[in-house]
file entry35.csv (CSV, C-alpha atoms)
chain,number,residue,atom,x,y,z
M,809,MET,CA,95.2,237.7,86.4
M,810,PHE,CA,95.1,235.3,89.3
M,811,CYS,CA,95.0,231.5,89.6
M,812,THR,CA,91.5,230.2,90.4
M,813,GLU,CA,93.1,227.4,92.5
M,814,CYS,CA,95.7,229.1,94.7
M,815,GLY,CA,95.3,232.8,94.0
M,816,GLY,CA,98.8,233.3,92.7
M,817,ASN,CA,99.7,235.8,89.9
M,818,ILE,CA,99.6,234.4,86.4
M,819,SER,CA,100.8,236.4,83.3
M,820,ALA,CA,99.0,236.3,80.1
M,821,ALA,CA,101.6,234.1,78.5
M,822,ASP,CA,101.5,231.5,81.2
M,823,ARG,CA,99.4,228.4,80.4
M,824,ALA,CA,99.6,227.1,83.9
M,825,CYS,CA,100.0,228.6,87.4
M,826,PRO,CA,103.8,228.8,88.3
M,827,ALA,CA,102.9,228.2,92.0
M,828,CYS,CA,100.4,225.2,91.9
M,829,GLY,CA,100.6,224.1,88.3
M,830,ALA,CA,96.8,224.4,87.7
M,831,ARG,CA,95.8,225.3,84.1
M,832,ALA,CA,94.9,228.9,83.3
M,833,GLN,CA,91.3,229.7,82.8
M,834,ASP,CA,91.8,230.6,79.1
M,835,ASP,CA,93.6,227.3,78.4
M,836,ARG,CA,90.9,225.1,79.6
M,837,PRO,CA,88.9,223.2,76.9
M,838,ALA,CA,85.5,224.6,76.0
M,839,PRO,CA,82.5,222.7,77.5
M,840,VAL,CA,81.0,220.2,75.1
M,841,ALA,CA,77.3,220.4,74.6
M,842,VAL,CA,75.6,217.1,75.5
M,843,PRO,CA,72.4,216.5,73.5
M,844,ARG,CA,69.3,215.6,75.4
M,845,ALA,CA,68.5,211.9,75.4
M,846,ALA,CA,66.4,211.0,72.4
M,847,ARG,CA,62.8,210.0,72.7
M,848,PRO,CA,62.0,206.3,72.6
M,849,ILE,CA,61.7,205.0,69.1
M,850,ALA,CA,58.3,204.2,67.7
M,851,ALA,CA,58.8,200.5,68.1
M,852,GLU,CA,58.9,201.0,71.9
M,853,TYR,CA,55.2,202.1,71.7
M,854,LYS,CA,54.3,199.0,69.8
M,855,LYS,CA,55.3,196.6,72.6
M,856,PRO,CA,52.4,194.4,73.6
M,857,GLY,CA,50.3,195.7,76.4
M,858,PHE,CA,48.4,193.6,79.0
M,859,GLY,CA,45.8,191.4,77.3
M,860,VAL,CA,46.5,192.8,73.8
M,861,MET,CA,46.6,190.1,71.1
M,862,GLY,CA,49.1,190.2,68.3
M,863,ILE,CA,46.4,190.2,65.6
M,864,THR,CA,44.9,193.3,67.3
M,865,ARG,CA,48.1,195.2,67.0
M,866,THR,CA,48.6,194.1,63.4
M,867,VAL,CA,45.1,195.1,62.3
M,868,LEU,CA,45.1,198.5,64.1
M,869,GLY,CA,48.6,199.2,63.0
M,870,ALA,CA,47.7,198.6,59.4
M,871,LEU,CA,44.7,200.9,59.7
M,872,ALA,CA,46.8,203.6,61.4
M,873,GLU,CA,49.3,203.5,58.5
M,874,GLY,CA,46.4,204.4,56.1
M,875,ARG,CA,47.4,202.0,53.3
M,876,VAL,CA,44.5,199.6,54.0
M,877,ILE,CA,41.9,202.4,54.0
M,878,ARG,CA,43.3,203.9,50.8
M,879,ASN,CA,43.3,200.5,49.0
M,880,ALA,CA,39.7,199.8,50.2
M,881,ILE,CA,38.4,203.1,49.0
M,882,ALA,CA,40.2,202.7,45.7
M,883,VAL,CA,38.6,199.3,45.2
M,884,VAL,CA,35.1,200.8,46.1
M,885,MET,CA,35.6,203.6,43.5
M,886,ARG,CA,36.6,201.1,40.8
M,887,VAL,CA,33.5,199.0,41.6
M,888,ALA,CA,31.4,202.2,41.5
M,889,GLY,CA,32.8,202.9,38.0
M,890,VAL,CA,31.8,199.5,36.8
M,891,LEU,CA,28.3,199.9,38.3
M,892,ILE,CA,27.9,203.3,36.7
M,893,LEU,CA,28.6,201.7,33.3
M,894,LEU,CA,26.0,199.0,33.9
M,895,GLY,CA,23.4,201.4,35.4
M,896,GLY,CA,24.1,203.9,32.6
M,897,LEU,CA,23.5,201.1,30.0
M,898,LEU,CA,20.0,200.5,31.5
M,899,ALA,CA,19.3,204.3,31.4
M,900,VAL,CA,20.3,204.5,27.7
M,901,ILE,CA,18.1,201.5,26.9
M,902,GLN,CA,15.2,203.2,28.7
M,903,VAL,CA,15.7,206.5,26.8
M,904,LEU,CA,15.8,204.5,23.5
M,905,LYS,CA,12.5,202.7,24.4
M,906,ILE,CA,10.8,206.0,25.0
M,907,SER,CA,12.2,207.5,21.8
M,908,PHE,CA,10.8,204.8,19.6
M,909,GLN,CA,7.4,205.1,21.3
M,910,ILE,CA,7.1,208.7,20.1
M,911,PRO,CA,5.1,208.9,16.9
M,912,SER,CA,7.2,211.8,15.4
M,913,ALA,CA,10.2,210.8,13.4
M,914,SER,CA,12.1,214.0,14.3
M,915,ALA,CA,11.4,213.4,18.0
M,916,THR,CA,12.8,209.8,17.6
M,917,VAL,CA,16.0,211.2,16.1
M,918,GLY,CA,16.2,213.7,18.9
M,919,GLY,CA,15.8,210.8,21.4
M,920,LEU,CA,18.6,208.9,19.7
M,921,LEU,CA,20.9,211.8,20.0
M,922,VAL,CA,20.0,212.1,23.7
M,923,ALA,CA,20.8,208.4,24.2
M,924,VAL,CA,24.2,208.8,22.4
M,925,LEU,CA,25.1,211.9,24.5
M,926,LEU,CA,24.0,210.1,27.7
M,927,GLY,CA,26.0,207.0,26.8
M,928,ALA,CA,29.1,209.2,26.2
M,929,ALA,CA,28.6,211.0,29.5
M,930,ILE,CA,28.2,207.7,31.5
M,931,PHE,CA,31.4,206.4,29.9
M,932,ALA,CA,33.2,209.6,30.9
M,933,ILE,CA,31.9,209.5,34.4
M,934,ALA,CA,33.1,205.9,34.8
M,935,GLN,CA,36.5,206.9,33.5
M,936,ILE,CA,36.6,209.7,36.1
M,937,TYR,CA,35.9,207.2,38.9
M,938,LEU,CA,38.6,204.9,37.7
M,939,TYR,CA,41.1,207.7,37.3
M,940,ARG,CA,40.4,209.1,40.8
M,941,ALA,CA,40.5,205.6,42.2
M,942,GLN,CA,44.1,205.3,41.0
M,943,SER,CA,44.8,208.7,42.5
M,944,VAL,CA,43.6,207.5,45.9
M,945,TYR,CA,45.7,204.3,45.5
M,946,ASP,CA,48.9,206.3,44.7
M,947,LEU,CA,48.6,208.6,47.7
M,948,GLU,CA,51.7,208.8,49.8
M,949,ASP,CA,51.8,208.2,53.6
M,950,SER,CA,51.1,211.4,55.5
M,951,PRO,CA,50.0,212.4,59.1
M,952,PHE,CA,46.4,212.5,57.8
M,953,THR,CA,44.8,209.6,56.0
M,954,ILE,CA,41.2,210.6,55.4
M,955,ILE,CA,41.6,214.2,54.4
M,956,PRO,CA,43.5,213.7,51.1
M,957,ILE,CA,41.0,211.0,50.2
M,958,LEU,CA,38.1,213.3,51.0
M,959,SER,CA,39.6,216.0,48.8
M,960,ILE,CA,39.7,213.5,45.9
M,961,LEU,CA,36.2,212.4,46.5
M,962,PHE,CA,34.9,216.0,46.4
M,963,ARG,CA,36.7,216.5,43.0
M,964,THR,CA,35.2,213.2,41.7
M,965,ALA,CA,31.7,214.2,42.7
M,966,GLY,CA,32.0,217.6,41.1
M,967,GLU,CA,33.4,216.3,37.8
M,968,ALA,CA,30.8,213.5,37.5
M,969,TYR,CA,27.9,215.8,38.2
M,970,ALA,CA,29.2,218.4,35.7
M,971,VAL,CA,29.7,215.9,32.9
M,972,GLY,CA,26.2,214.4,33.5
M,973,ALA,CA,24.5,217.8,33.6
M,974,LEU,CA,26.2,219.1,30.4
M,975,ALA,CA,25.3,215.9,28.5
M,976,LEU,CA,21.6,216.1,29.6
M,977,GLY,CA,21.5,219.8,28.9
M,978,LEU,CA,22.8,219.5,25.4
M,979,GLY,CA,20.7,216.4,24.6
M,980,GLY,CA,17.6,218.0,26.0
M,981,CYS,CA,18.1,221.2,24.0
M,982,VAL,CA,18.6,219.2,20.7
M,983,PHE,CA,15.6,217.1,21.5
M,984,THR,CA,13.4,220.1,22.1
M,985,TRP,CA,14.6,221.7,18.8
M,986,LEU,CA,13.9,218.6,16.8
M,987,SER,CA,10.7,217.4,18.4
M,988,GLY,CA,9.1,220.5,19.7
M,989,MET,CA,8.5,218.7,23.0
M,990,SER,CA,9.8,219.3,26.5
M,991,PRO,CA,13.0,217.3,27.3
M,992,THR,CA,11.5,216.5,30.8
M,993,MET,CA,9.1,214.1,29.1
M,994,LEU,CA,12.0,212.1,27.7
M,995,LEU,CA,14.3,212.4,30.8
M,996,SER,CA,11.5,211.4,33.2
M,997,GLY,CA,11.7,207.9,31.8
M,998,MET,CA,15.1,207.5,33.4
M,999,GLY,CA,13.6,207.3,36.8
M,1000,GLU,CA,16.2,206.7,39.5
M,1001,PHE,CA,19.0,207.1,37.0
M,1002,MET,CA,18.2,210.8,36.6
M,1003,PRO,CA,20.6,212.9,38.7
M,1004,PRO,CA,19.1,215.5,41.0
M,1005,ILE,CA,19.0,218.8,39.2
M,1006,PRO,CA,17.4,221.8,41.0
M,1007,GLY,CA,14.5,223.3,39.1
M,1008,LEU,CA,14.2,220.6,36.5
M,1009,SER,CA,10.5,220.1,37.0
M,1010,GLU,CA,10.0,223.8,36.3
M,1011,LEU,CA,11.9,223.7,33.1
M,1012,GLY,CA,10.0,222.9,29.9
M,1013,GLY,CA,8.4,224.4,26.9
M,1014,GLN,CA,8.3,223.4,23.3
M,1015,SER,CA,10.0,226.3,21.5
M,1016,PHE,CA,13.5,227.0,20.4
M,1017,ALA,CA,14.0,229.5,23.3
M,1018,SER,CA,12.8,226.8,25.8
M,1019,GLY,CA,15.5,224.4,24.5
M,1020,LEU,CA,18.1,227.1,24.8
M,1021,VAL,CA,17.0,228.0,28.3
M,1022,PHE,CA,17.3,224.3,29.3
M,1023,LEU,CA,20.8,224.1,27.9
M,1024,VAL,CA,21.9,227.3,29.7
M,1025,THR,CA,20.3,226.2,33.0
M,1026,MET,CA,22.1,222.8,32.9
M,1027,THR,CA,25.4,224.5,32.0
M,1028,ILE,CA,25.1,226.8,35.0
M,1029,ALA,CA,24.3,223.8,37.2
M,1030,ALA,CA,27.3,221.9,35.9
M,1031,PHE,CA,29.7,224.9,36.4
M,1032,THR,CA,28.3,225.6,39.9
M,1033,ALA,CA,28.7,222.0,41.0
M,1034,LEU,CA,32.2,221.8,39.6
M,1035,VAL,CA,33.3,225.0,41.3
M,1036,THR,CA,31.6,224.1,44.6
M,1037,PHE,CA,33.1,220.7,44.9
M,1038,TYR,CA,36.5,221.8,43.9
M,1039,ALA,CA,36.3,224.6,46.5
M,1040,LEU,CA,35.4,222.0,49.1
M,1041,ALA,CA,38.3,219.8,48.0
M,1042,GLU,CA,40.7,222.7,48.5
M,1043,LEU,CA,39.1,223.8,51.7
M,1044,VAL,CA,39.8,220.5,53.5
M,1045,VAL,CA,43.4,220.7,52.4
M,1046,VAL,CA,43.8,224.3,53.6
M,1047,LEU,CA,42.3,223.3,57.0
M,1048,VAL,CA,44.9,220.6,57.3
M,1049,ASP,CA,47.7,223.0,56.5
M,1050,ILE,CA,46.4,225.4,59.2
M,1051,ALA,CA,46.2,222.5,61.7
M,1052,ILE,CA,49.8,221.5,60.9
M,1053,ASN,CA,51.1,225.1,61.2
M,1054,VAL,CA,49.2,225.7,64.5
M,1055,ARG,CA,50.7,222.5,65.9
M,1056,ARG,CA,54.2,223.6,65.0
M,1057,LEU,CA,53.6,227.0,66.6
M,1058,VAL,CA,52.3,225.4,69.8
M,1059,LYS,CA,55.2,223.0,70.1
M,1060,GLY,CA,57.8,225.7,69.4
M,1061,PRO,CA,61.4,225.1,68.4
M,1062,THR,CA,63.2,222.0,69.7
M,1063,VAL,CA,65.6,222.9,72.6
M,1064,VAL,CA,68.9,221.1,72.9
M,1065,ALA,CA,70.3,220.9,76.5
M,1066,SER,CA,73.9,221.9,77.0
call {"tool": "encode", "arguments": {"input": "entry35.csv", "output": "structure tokens"}}
result
Amino acid sequence: MFCTECGGNISAADRACPACGARAQDDRPAPVAVPRAARPIAAEYKKPGFGVMGITRTVLGALAEGRVIRNAIAVVMRVAGVLILLGGLLAVIQVLKISFQIPSASATVGGLLVAVLLGAAIFAIAQIYLYRAQSVYDLEDSPFTIIPILSILFRTAGEAYAVGALALGLGGCVFTWLSGMSPTMLLSGMGEFMPPIPGLSELGGQSFASGLVFLVTMTIAAFTALVTFYALAELVVVLVDIAINVRRLVKGPTVVAS
């Protein structure tokens, strides 16, 4: 081979040119890859801009981190659990008042059973809200703040509706069997405390079959609500996963300059 400096002959055993002393090509050190300069750290973007007050950066930074929003929603859910207990107590009292106004003793017993089931359901719903509030509070930091909270809220709504519908269905069925009257007469006294149930006004009847139909209808409504809200909870999470994967595909692999 030949020297790249003077053009003289160099044997394979030579590490330098015998004519000019330049290093042979094979003996030169391999080039070292120099990494591309790193991006500015996040703190660089937090430097105060023109006219921006420190309190503005503090408040907006806390909101962007998500912890403030998670804590606020957790507190709201805990308060909602307490209010559900108080409102449910009023609903139970109203059902008891209507039960004791019915002249039939068996109907009064049925009304008492409805009140007991209703009270148990309200307590369970309050527990659901308190449990899910803790789930919101324990969420880890992530690129998305609202989506995980929204998923938990969907699950909470489905569970609460399912518990309430099952309790009303079972209580109304037993009330019909014991009293021979439609459960809508007893449940109508709940007023605004009555959850919206499709087709409730069409349900009724005073026979054993009518009570069974009422129970089956409420069970289907509970199951449908639970599946629907759980599906919505999973859907928002899937959409986030799709968004993250699409973002990764668009950015592509990181290239290191040599």
call {"tool": "closest_residue", "arguments": {"input": "entry35.csv", "among": "M:Asp946, M:Ala923, M:Val1045, M:Pro911", "to": "Leu897 (chain M)", "atoms": "only C-alpha atoms"}}
result
M:Ala923
call {"tool": "closest_residue", "arguments": {"input": "entry35.csv", "among": "M:Leu938, M:Cys981, M:Ala899, M:Ala821", "to": "Val1021 (chain M)", "atoms": "all atoms listed in the file"}}
result
M:Cys981
call {"tool": "closest_residue", "arguments": {"input": "entry35.csv", "among": "M:Val890, M:Val1058, M:Ala1017, M:Leu898", "to": "Ser990 (chain M)", "atoms": "all atoms listed in the file"}}
result
M:Ala1017
call {"tool": "residues_around", "arguments": {"input": "entry35.csv", "residues": "Val971 (chain M)", "least_positions_apart": "5", "cutoff": "9 Å", "atoms": "only C-alpha atoms", "output": "compact mmCIF listing (two decimals) with C-alpha atoms, in the coordinates of the input"}}
result
# COMPACT_ATOMS: atom_id res chain seq x y z
CA ALA M 929 28.60 211.00 29.50
CA ILE M 930 28.20 207.70 31.50
CA ALA M 932 33.20 209.60 30.90
CA ILE M 933 31.90 209.50 34.40
CA GLY M 966 32.00 217.60 41.10
CA LEU M 976 21.60 216.10 29.60
CA ALA M 1030 27.30 221.90 35.90
call {"tool": "atom_distance", "arguments": {"input": "entry35.csv", "atom1": "CA of Thr1025 (chain M)", "atom2": "CA of Leu974 (chain M)"}}
result
9.6 Å
call {"tool": "atom_distance", "arguments": {"input": "entry35.csv", "atom1": "CA of Phe1016 (chain M)", "atom2": "CA of Thr992 (chain M)"}}
result
14.9 Å
call {"tool": "closest_residue", "arguments": {"input": "entry35.csv", "among": "M:Ile892, M:Asn1053, M:Ser914, M:Ser943", "to": "Leu958 (chain M)", "atoms": "only C-alpha atoms"}}
result
M:Ser943
call {"tool": "atom_distance", "arguments": {"input": "entry35.csv", "atom1": "CA of Gln935 (chain M)", "atom2": "CA of Val876 (chain M)"}}
result
23.2 Å
call {"tool": "closest_residue", "arguments": {"input": "entry35.csv", "among": "M:Gly972, M:Gly895, M:Gly988, M:Pro951", "to": "Thr916 (chain M)", "atoms": "only C-alpha atoms"}}
result
M:Gly988
call {"tool": "closest_residue", "arguments": {"input": "entry35.csv", "among": "M:Leu1057, M:Met989, M:Ala970, M:Leu1043", "to": "Ala1029 (chain M)", "atoms": "all atoms listed in the file"}}
result
M:Ala970
call {"tool": "residues_around", "arguments": {"input": "entry35.csv", "residues": "Val982 (chain M)", "least_positions_apart": "3", "cutoff": "12 Å", "atoms": "all atoms listed in the file", "output": "JSON list (two decimals) with C-alpha atoms, in the frame of the given file"}}
result
[["chain", "number", "residue", "atom", "x", "y", "z"],
["M", 914, "SER", "CA", 12.10, 214.00, 14.30],
["M", 915, "ALA", "CA", 11.40, 213.40, 18.00],
["M", 916, "THR", "CA", 12.80, 209.80, 17.60],
["M", 917, "VAL", "CA", 16.00, 211.20, 16.10],
["M", 918, "GLY", "CA", 16.20, 213.70, 18.90],
["M", 919, "GLY", "CA", 15.80, 210.80, 21.40],
["M", 920, "LEU", "CA", 18.60, 208.90, 19.70],
["M", 921, "LEU", "CA", 20.90, 211.80, 20.00],
["M", 922, "VAL", "CA", 20.00, 212.10, 23.70],
["M", 923, "ALA", "CA", 20.80, 208.40, 24.20],
["M", 924, "VAL", "CA", 24.20, 208.80, 22.40],
["M", 925, "LEU", "CA", 25.10, 211.90, 24.50],
["M", 975, "ALA", "CA", 25.30, 215.90, 28.50],
["M", 976, "LEU", "CA", 21.60, 216.10, 29.60],
["M", 977, "GLY", "CA", 21.50, 219.80, 28.90],
["M", 978, "LEU", "CA", 22.80, 219.50, 25.40],
["M", 979, "GLY", "CA", 20.70, 216.40, 24.60],
["M", 985, "TRP", "CA", 14.60, 221.70, 18.80],
["M", 986, "LEU", "CA", 13.90, 218.60, 16.80],
["M", 987, "SER", "CA", 10.70, 217.40, 18.40],
["M", 988, "GLY", "CA", 9.10, 220.50, 19.70],
["M", 989, "MET", "CA", 8.50, 218.70, 23.00],
["M", 990, "SER", "CA", 9.80, 219.30, 26.50],
["M", 991, "PRO", "CA", 13.00, 217.30, 27.30],
["M", 994, "LEU", "CA", 12.00, 212.10, 27.70],
["M", 1014, "GLN", "CA", 8.30, 223.40, 23.30],
["M", 1015, "SER", "CA", 10.00, 226.30, 21.50],
["M", 1016, "PHE", "CA", 13.50, 227.00, 20.40],
["M", 1017, "ALA", "CA", 14.00, 229.50, 23.30],
["M", 1018, "SER", "CA", 12.80, 226.80, 25.80],
["M", 1019, "GLY", "CA", 15.50, 224.40, 24.50],
["M", 1020, "LEU", "CA", 18.10, 227.10, 24.80],
["M", 1021, "VAL", "CA", 17.00, 228.00, 28.30],
["M", 1022, "PHE", "CA", 17.30, 224.30, 29.30],
["M", 1023, "LEU", "CA", 20.80, 224.10, 27.90]]
call {"tool": "build_atoms", "arguments": {"input": "entry35.csv", "residues": "region 1041-1052 of chain M", "atoms": "all heavy atoms", "output": "compact mmCIF listing (two decimals), keeping the file's coordinate frame"}}
result
# COMPACT_ATOMS: atom_id res chain seq x y z
N ALA M 1041 37.10 220.63 48.04
CA ALA M 1041 38.30 219.80 48.00
C ALA M 1041 39.53 220.62 48.47
O ALA M 1041 40.39 220.13 49.22
CB ALA M 1041 38.55 219.28 46.60
N GLU M 1042 39.62 221.87 48.04
CA GLU M 1042 40.70 222.70 48.50
C GLU M 1042 40.59 223.18 49.91
O GLU M 1042 41.58 223.37 50.61
CB GLU M 1042 40.85 223.92 47.53
CG GLU M 1042 41.20 223.55 46.10
CD GLU M 1042 41.27 224.76 45.19
OE1 GLU M 1042 41.04 225.87 45.68
OE2 GLU M 1042 41.55 224.58 43.98
N LEU M 1043 39.35 223.33 50.35
CA LEU M 1043 39.10 223.80 51.70
C LEU M 1043 39.62 222.79 52.74
O LEU M 1043 40.25 223.18 53.74
CB LEU M 1043 37.62 224.06 51.92
CG LEU M 1043 37.21 224.53 53.32
CD1 LEU M 1043 37.89 225.85 53.66
CD2 LEU M 1043 35.70 224.68 53.42
N VAL M 1044 39.36 221.52 52.53
CA VAL M 1044 39.80 220.50 53.50
C VAL M 1044 41.32 220.46 53.55
O VAL M 1044 41.92 220.26 54.62
CB VAL M 1044 39.20 219.14 53.18
CG1 VAL M 1044 37.71 219.14 53.35
CG2 VAL M 1044 39.57 218.68 51.76
N VAL M 1045 41.98 220.68 52.40
CA VAL M 1045 43.40 220.70 52.40
C VAL M 1045 43.98 221.91 53.13
O VAL M 1045 44.96 221.81 53.88
CB VAL M 1045 43.96 220.64 50.93
CG1 VAL M 1045 45.48 220.75 50.91
CG2 VAL M 1045 43.52 219.35 50.25
N VAL M 1046 43.34 223.05 52.92
CA VAL M 1046 43.80 224.30 53.60
C VAL M 1046 43.60 224.12 55.12
O VAL M 1046 44.47 224.55 55.91
CB VAL M 1046 42.98 225.48 53.09
CG1 VAL M 1046 43.22 226.71 53.97
CG2 VAL M 1046 43.37 225.78 51.66
N LEU M 1047 42.51 223.51 55.55
CA LEU M 1047 42.30 223.30 57.00
C LEU M 1047 43.38 222.41 57.57
O LEU M 1047 43.84 222.63 58.70
CB LEU M 1047 40.92 222.69 57.21
CG LEU M 1047 39.72 223.59 56.90
CD1 LEU M 1047 38.41 222.83 57.12
CD2 LEU M 1047 39.75 224.84 57.78
N VAL M 1048 43.82 221.42 56.82
CA VAL M 1048 44.90 220.60 57.30
C VAL M 1048 46.20 221.35 57.42
O VAL M 1048 46.94 221.22 58.41
CB VAL M 1048 45.09 219.37 56.34
CG1 VAL M 1048 46.36 218.60 56.68
CG2 VAL M 1048 43.90 218.44 56.45
N ASP M 1049 46.49 222.19 56.42
CA ASP M 1049 47.70 223.00 56.50
C ASP M 1049 47.67 223.94 57.71
O ASP M 1049 48.68 224.13 58.40
CB ASP M 1049 47.85 223.84 55.22
CG ASP M 1049 48.18 222.96 54.02
OD1 ASP M 1049 48.68 221.85 54.24
OD2 ASP M 1049 47.92 223.39 52.88
N ILE M 1050 46.50 224.51 57.99
CA ILE M 1050 46.40 225.40 59.20
C ILE M 1050 46.61 224.58 60.43
O ILE M 1050 47.30 225.03 61.35
CB ILE M 1050 44.98 226.04 59.17
CG1 ILE M 1050 44.84 227.01 57.99
CG2 ILE M 1050 44.74 226.77 60.49
CD1 ILE M 1050 43.47 227.62 57.87
N ALA M 1051 46.04 223.38 60.51
CA ALA M 1051 46.20 222.50 61.70
C ALA M 1051 47.69 222.20 61.92
O ALA M 1051 48.19 222.22 63.05
CB ALA M 1051 45.37 221.28 61.58
N ILE M 1052 48.40 221.88 60.82
CA ILE M 1052 49.80 221.50 60.90
C ILE M 1052 50.63 222.73 61.42
O ILE M 1052 51.49 222.61 62.30
CB ILE M 1052 50.34 221.01 59.60
CG1 ILE M 1052 49.68 219.66 59.26
CG2 ILE M 1052 51.85 220.85 59.63
CD1 ILE M 1052 50.06 219.13 57.90
